[in-house]
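Peer 1: Have a look at this one before I ask anything.
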Amino acid sequence: MHTLKIHRETDENQFSLGKAALIAGLGLLIMAVAVPIAEFYISPKLLVGNRTETVNNIVNNKALFTLSIFLHFITLICDILVAWALYIFLRPVMKDLSLVTAWFRLLYTSMYLVALANLVKVLNLTNSSGIIETSQLSDNVAFYLNSFQFEWSFGLIIFGVYLLLLGYLVYKATYIPNIFGVLLFIAGFGYLFHTLGTFFAPDYDLDFLFFTFFGELILMLWLLIKGRKVDLNI
């Protein structure tokens, strides 16, 4: 009777770990699609060097600009789900550290939300103004667009710390290949150096660090393919 109970609890635990891995992987996949569309497809179409032209682009393509905001918002929701799912998935390694790691991602998400509010303000400005050529409107829009990038970038410092903590947990996990922990370490340092560089050394081109950012994407593939099948006897 006791043996049956132990096996039953183990099966439930195994299922919860696999389900958590699948949710985390799907969340990361959605983010891997949503953010590039918003930042590398929509933004270059609308946000140009000339302030007046940028305002006109937003006004004339309001649906596209609104879509970019909602893509960022979907990413925020996925960040929360991923934080929770990875906490469950890595809880067997170190429960307390897994919780702290999840909170770091949630802290980053809250900073991301504050930054995103600037884009909502831009949408409100362009909706409520009937004279889009005024210099005041152009200056206000430029201010909020710059604030979005600046505040989001500041939040990426926290995200870099999160990746370092996540990398340590993944490296210590016996059911995840150690190489993924190393890749997450590299990604974390990449985020930290690149983001801090934009604040303290803006004249230096640190775009070469972009290649370090793929650690979480590689983990995503593993979670979707192998992680959902993790079988632990704990």
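Every chain in the structure tokens has a letter given in the order shown (A, B, ...), and although residue numbers restart at 1 in each chain, ligands are simply numbered from 1 in the order shown.
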Excluding A:Leu169 and residues on its chain fewer than 5 positions from it, collect all residues at most 8 Å away from it, counting only C-alpha atoms, and give them as a list of chain:residue names.

Peer 2: A:Leu90, A:Val93, A:Met94, A:Leu97, A:Ser98, A:Gly181

Peer 1: Save out the residues we just selected, N, CA, C and O atoms, as a PDB file, in the first residue's frame.

Peer 2:
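Generated output (part19.pdb):
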```
ATOM      1  N   LEU A  90      12.948  23.380 -12.134  1.00  0.00           N
ATOM      2  CA  LEU A  90      14.267  23.371 -11.479  1.00  0.00           C
ATOM      3  C   LEU A  90      14.178  23.290  -9.960  1.00  0.00           C
ATOM      4  O   LEU A  90      15.208  23.290  -9.279  1.00  0.00           O
ATOM      5  N   VAL A  93      16.363  20.830  -7.983  1.00  0.00           N
ATOM      6  CA  VAL A  93      17.797  21.120  -7.858  1.00  0.00           C
ATOM      7  C   VAL A  93      18.052  21.869  -6.560  1.00  0.00           C
ATOM      8  O   VAL A  93      18.783  21.403  -5.685  1.00  0.00           O
ATOM      9  N   MET A  94      17.486  23.057  -6.449  1.00  0.00           N
ATOM     10  CA  MET A  94      17.571  23.873  -5.233  1.00  0.00           C
ATOM     11  C   MET A  94      16.290  24.684  -5.160  1.00  0.00           C
ATOM     12  O   MET A  94      16.128  25.644  -5.933  1.00  0.00           O
ATOM     13  N   LEU A  97      16.776  28.608  -4.298  1.00  0.00           N
ATOM     14  CA  LEU A  97      17.434  29.355  -5.367  1.00  0.00           C
ATOM     15  C   LEU A  97      16.557  29.411  -6.617  1.00  0.00           C
ATOM     16  O   LEU A  97      16.543  30.423  -7.330  1.00  0.00           O
ATOM     17  N   SER A  98      15.807  28.351  -6.882  1.00  0.00           N
ATOM     18  CA  SER A  98      14.891  28.351  -8.011  1.00  0.00           C
ATOM     19  C   SER A  98      13.816  29.422  -7.834  1.00  0.00           C
ATOM     20  O   SER A  98      13.436  30.105  -8.789  1.00  0.00           O
ATOM     21  N   GLY A 181      23.826  24.944 -19.105  1.00  0.00           N
ATOM     22  CA  GLY A 181      24.156  25.869 -18.026  1.00  0.00           C
ATOM     23  C   GLY A 181      25.276  26.811 -18.431  1.00  0.00           C
ATOM     24  O   GLY A 181      25.225  28.015 -18.159  1.00  0.00           O
TER      25      GLY A 181
END
```

Peer 1: Which residues of stretch 115-159 of chain A come within 8 Å of stretch 67-86 of chain A, and what is each one's closest atom pair and distance in Å (one decimal), counting only C-alpha atoms, sorted by chain and residue number, as JSON lines?

Peer 2:
```
{"residue": "A:Leu116", "atom": "CA", "partner": "A:Ile69", "partner_atom": "CA", "distance": 7.4}
{"residue": "A:Leu119", "atom": "CA", "partner": "A:Ile69", "partner_atom": "CA", "distance": 6.8}
{"residue": "A:Val120", "atom": "CA", "partner": "A:Ile69", "partner_atom": "CA", "distance": 7.3}
```

Peer 1: For A:Phe185, which of A:Ala24, A:Gly197, A:Glu216, A:Ile157 is the closest residue, counting only C-alpha atoms?

Peer 2: A:Glu216

Peer 1: For A:Ser128, which of A:Val59, A:Ile42, A:Leu22, A:Leu217 is the closest residue, counting only C-alpha atoms?

Peer 2: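 Answer, going by the shortest atom-to-atom distance: A:Val59.
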
Peer 1: Work out how far atom CA of A:Lys121 is from atom CA of A:Phe143, in Å to one decimal.

Peer 2: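 So the two atoms, atom CA of A:Phe143 and atom CA of A:Lys121, lie 10.4 Å apart.
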
Peer 1: Contacts of A:Thr195 at 8 Å or less, counting only C-alpha atoms, minus same-chain residues fewer than 5 places along, as a PyMOL selection string?

Peer 2: chain A and resi 153-154+156-157

Peer 1: For A:Asn118, which residue among A:Ile58, A:Arg105, A:Asp96, A:Ala142 is the nearest when counting only C-alpha atoms?

Peer 2: A:Ala142

Peer 1: May I have the residues within 12 Å of A:Leu221 as a list in words, using only C-alpha atoms and disregarding those fewer than 4 positions away in the same chain?

Peer 2: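 Counting only the stated atoms, we get Ala21, Leu22, Ala24, Gly25, Leu26, Gly27, Leu28, Leu29, Ala32, Phe180, Phe214, Gly215, Glu216, Leu217, Ile225, Lys226, Gly227 and Arg228 of chain A.
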
Peer 1: Write out the residues from the selection above, keeping C-alpha atoms, as a PDB file, in the first residue's frame.

Peer 2:
```pdb
ATOM      1  CA  ALA A  21       9.186  21.983 -19.245  1.00  0.00           C
ATOM      2  CA  LEU A  22       6.632  22.014 -22.058  1.00  0.00           C
ATOM      3  CA  ALA A  24       8.392  26.927 -20.409  1.00  0.00           C
ATOM      4  CA  GLY A  25       9.454  25.814 -23.880  1.00  0.00           C
ATOM      5  CA  LEU A  26       6.239  27.018 -25.506  1.00  0.00           C
ATOM      6  CA  GLY A  27       6.450  30.335 -23.667  1.00  0.00           C
ATOM      7  CA  LEU A  28      10.016  30.871 -24.852  1.00  0.00           C
ATOM      8  CA  LEU A  29       8.998  29.908 -28.387  1.00  0.00           C
ATOM      9  CA  ALA A  32      11.194  34.135 -29.770  1.00  0.00           C
ATOM     10  CA  PHE A 180      23.115  24.391 -21.359  1.00  0.00           C
ATOM     11  CA  PHE A 214      21.316  32.345 -27.870  1.00  0.00           C
ATOM     12  CA  GLY A 215      21.632  30.314 -24.658  1.00  0.00           C
ATOM     13  CA  GLU A 216      17.957  30.606 -23.729  1.00  0.00           C
ATOM     14  CA  LEU A 217      16.861  29.762 -27.283  1.00  0.00           C
ATOM     15  CA  ILE A 225      12.122  18.091 -27.418  1.00  0.00           C
ATOM     16  CA  LYS A 226      13.707  16.418 -24.388  1.00  0.00           C
ATOM     17  CA  GLY A 227      12.705  18.353 -21.288  1.00  0.00           C
ATOM     18  CA  ARG A 228       9.052  17.379 -21.487  1.00  0.00           C
TER      19      ARG A 228
END
```

Peer 1: Enter the distance from atom CA of A:Gln136 to atom CA of A:Phe148, in Å, rounded to one decimal.

Peer 2: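 These two atoms are separated by 18.5 Å.
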
Peer 1: In terms of the shortest atom-to-atom distance over only C-alpha atoms, which of A:Tyr112, A:Tyr175, A:Phe150, A:Phe104 is closest to A:Tyr162?

Peer 2: A:Phe104

Peer 1: Measuring atom to atom with only C-alpha atoms, identify which of A:Thr101, A:Asn178, A:Asn61, A:Thr134 is nearest to A:Leu47.

Peer 2: A:Asn61

Peer 1: Work out how far apart atom CA of A:Ile158 and atom CA of A:Ala117 are and give it in Å to one decimal.

Peer 2: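 We find that atom CA of A:Ile158 and atom CA of A:Ala117 lie 18.7 Å from each other.
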